[in-house]
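Student: Mind looking over this structure? Questions follow.
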Amino acid sequence: MTEPQPVPINAHFGDDFVHWLVVVTTADTMAEVAQKVAHFAVGKRLWPRDLPMAVYLDGERQPDQATVAEAGIAPLSYVFVDYVQAA
């Protein structure tokens, strides 16, 4: 098995006006990616909420347990992260 590799991604969280360059790894799950992206906005410019978060790539929600490698997220890909509203 190969070692996880760093992957720099362009990321945006919810209604935040700032976009970030965030380094994730090929082994990070989407839940971990969401946390890494949220770190830059939640509690700083956005209020924390008691809701799950989701990662969207090309407008499609990615499964929480999918890894960066499985989702096909390449260096400098754009991902959007936001809270998931209860149905």
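Quick note on naming: the chains in the structure tokens go A, B, ... in the order shown, residues restart at 1 in each chain, and ligands are numbered from 1 in order of appearance.
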Can you list, as a short mmCIF file (atom, residue, chain, number, x, y, z; two decimals) with C-alpha atoms, in the first residue's frame, all residues belonging to chain A that DSSP tags as helix (DSSP H, G or I)?
Tutor:
```
data_model
loop_
_atom_site.label_atom_id
_atom_site.label_comp_id
_atom_site.auth_asym_id
_atom_site.auth_seq_id
_atom_site.Cartn_x
_atom_site.Cartn_y
_atom_site.Cartn_z
CA MET A 30 -14.91 13.38 2.76
CA ALA A 31 -15.84 13.84 6.43
CA GLU A 32 -12.19 14.71 7.15
CA VAL A 33 -12.03 17.02 4.13
CA ALA A 34 -15.15 18.81 5.38
CA GLN A 35 -13.54 19.32 8.79
CA LYS A 36 -10.31 20.64 7.27
CA VAL A 37 -12.19 23.13 5.09
CA ALA A 38 -14.54 24.16 7.92
CA VAL A 68 -10.03 11.86 -1.79
CA ALA A 69 -8.48 9.27 -4.12
CA GLU A 70 -11.79 7.38 -4.55
CA ALA A 71 -13.66 10.60 -5.32
#
```
Student: Give me every strand (DSSP E or B) residue in chain A, going by DSSP on the backbone, as an MDAnalysis selection string.
Tutor: chainID A and resid 6:13 19:25 29 42 46 53:57 60:61 67 78:83
Student: From the set A:Trp47, A:Ile73, A:Val42, A:Phe80, which residue has the shortest atom-to-atom contact distance to Gly59 in chain A, counting only C-alpha atoms?
Tutor: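 Going through A:Trp47, A:Ile73, A:Val42, A:Phe80 one by one, the smallest distance to Gly59 in chain A is for A:Phe80.
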Student: Show me, as JSON, numbers by chain, the residues that have an atom within 12 Å of Gln5 in chain A when counting only C-alpha atoms, minus same-chain residues fewer than 3 positions from it.
Tutor: {"A": [1, 2, 8, 23, 24, 25, 26, 27, 28, 67, 68, 69, 73, 74, 75]}
Student: Would you save the residues from that selection as a tab-separated table (two decimals), in the first residue's frame, using N, CA and C atoms?
Tutor:
```tsv
chain	number	residue	atom	x	y	z
A	1	MET	N	0.85	-1.19	0.00
A	1	MET	CA	0.00	0.00	0.00
A	1	MET	C	0.89	1.24	0.00
A	2	THR	N	0.54	2.23	-0.80
A	2	THR	CA	1.34	3.45	-0.88
A	2	THR	C	0.96	4.42	0.23
A	8	PRO	N	-3.35	19.52	-2.74
A	8	PRO	CA	-3.88	20.87	-2.49
A	8	PRO	C	-5.16	21.06	-3.28
A	23	VAL	N	-4.78	21.82	2.06
A	23	VAL	CA	-4.06	20.59	1.75
A	23	VAL	C	-4.73	19.42	2.47
A	24	VAL	N	-5.18	18.46	1.68
A	24	VAL	CA	-5.75	17.21	2.20
A	24	VAL	C	-4.83	16.08	1.73
A	25	THR	N	-5.14	14.85	2.10
A	25	THR	CA	-4.35	13.73	1.60
A	25	THR	C	-5.24	12.79	0.81
A	26	THR	N	-4.62	11.96	0.02
A	26	THR	CA	-5.38	11.00	-0.79
A	26	THR	C	-6.17	10.03	0.08
A	27	ALA	N	-5.76	9.85	1.34
A	27	ALA	CA	-6.43	8.92	2.24
A	27	ALA	C	-7.52	9.58	3.09
A	28	ASP	N	-7.63	10.91	3.06
A	28	ASP	CA	-8.66	11.58	3.85
A	28	ASP	C	-10.05	11.23	3.32
A	67	THR	N	-12.79	8.32	0.03
A	67	THR	CA	-11.53	9.03	0.20
A	67	THR	C	-11.34	10.02	-0.94
A	68	VAL	N	-10.38	10.90	-0.75
A	68	VAL	CA	-10.03	11.86	-1.79
A	68	VAL	C	-9.67	11.12	-3.08
A	69	ALA	N	-8.88	10.06	-2.95
A	69	ALA	CA	-8.48	9.27	-4.12
A	69	ALA	C	-9.69	8.62	-4.79
A	73	ILE	N	-10.53	13.39	-6.63
A	73	ILE	CA	-10.15	14.78	-6.41
A	73	ILE	C	-8.67	14.93	-6.73
A	74	ALA	N	-8.39	15.76	-7.72
A	74	ALA	CA	-7.03	15.99	-8.19
A	74	ALA	C	-6.50	17.30	-7.61
A	75	PRO	N	-5.19	17.50	-7.67
A	75	PRO	CA	-4.63	18.78	-7.19
A	75	PRO	C	-5.33	19.97	-7.86
```
Student: Please list as an mmCIF file with C-alpha atoms, in the first residue's frame every residue within 6 Å of Met53 in chain A, counting only C-alpha atoms and excluding residues in the same chain fewer than 3 positions away.
Tutor:
```cif
data_model
loop_
_atom_site.group_PDB
_atom_site.id
_atom_site.type_symbol
_atom_site.label_atom_id
_atom_site.label_comp_id
_atom_site.auth_asym_id
_atom_site.auth_seq_id
_atom_site.Cartn_x
_atom_site.Cartn_y
_atom_site.Cartn_z
ATOM 1 C CA ASP A 82 -21.598 23.091 3.563
ATOM 2 C CA TYR A 83 -23.904 21.980 6.316
ATOM 3 C CA VAL A 84 -26.584 19.471 5.352
#
```
Student: Skip Tyr78 in chain A itself and residues of its chain fewer than 4 positions away, then list as a list in words all residues within 12 Å of it, counting only C-alpha atoms.
Tutor: Val7, Pro8, Ile9, Asn10, Ala11, His12, Phe13, His19, Trp20, Leu21, Val22, Val37, Val55, Tyr56, Leu57, Asp58, Gly59, Glu60, Gly72, Ile73 and Ala74 of chain A
Student: Report the distance between CA of Pro6 in chain A and CA of Ala66 in chain A in Å, rounded to one decimal place.
Tutor: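 Going from CA of Pro6 in chain A over to CA of Ala66 in chain A covers 16.2 Å.
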Student: Find the distance between CA of Asp50 in chain A and CA of Ser77 in chain A and write it in Å to one decimal.
Tutor: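 For CA of Asp50 in chain A relative to CA of Ser77 in chain A, the distance reads 27.5 Å.
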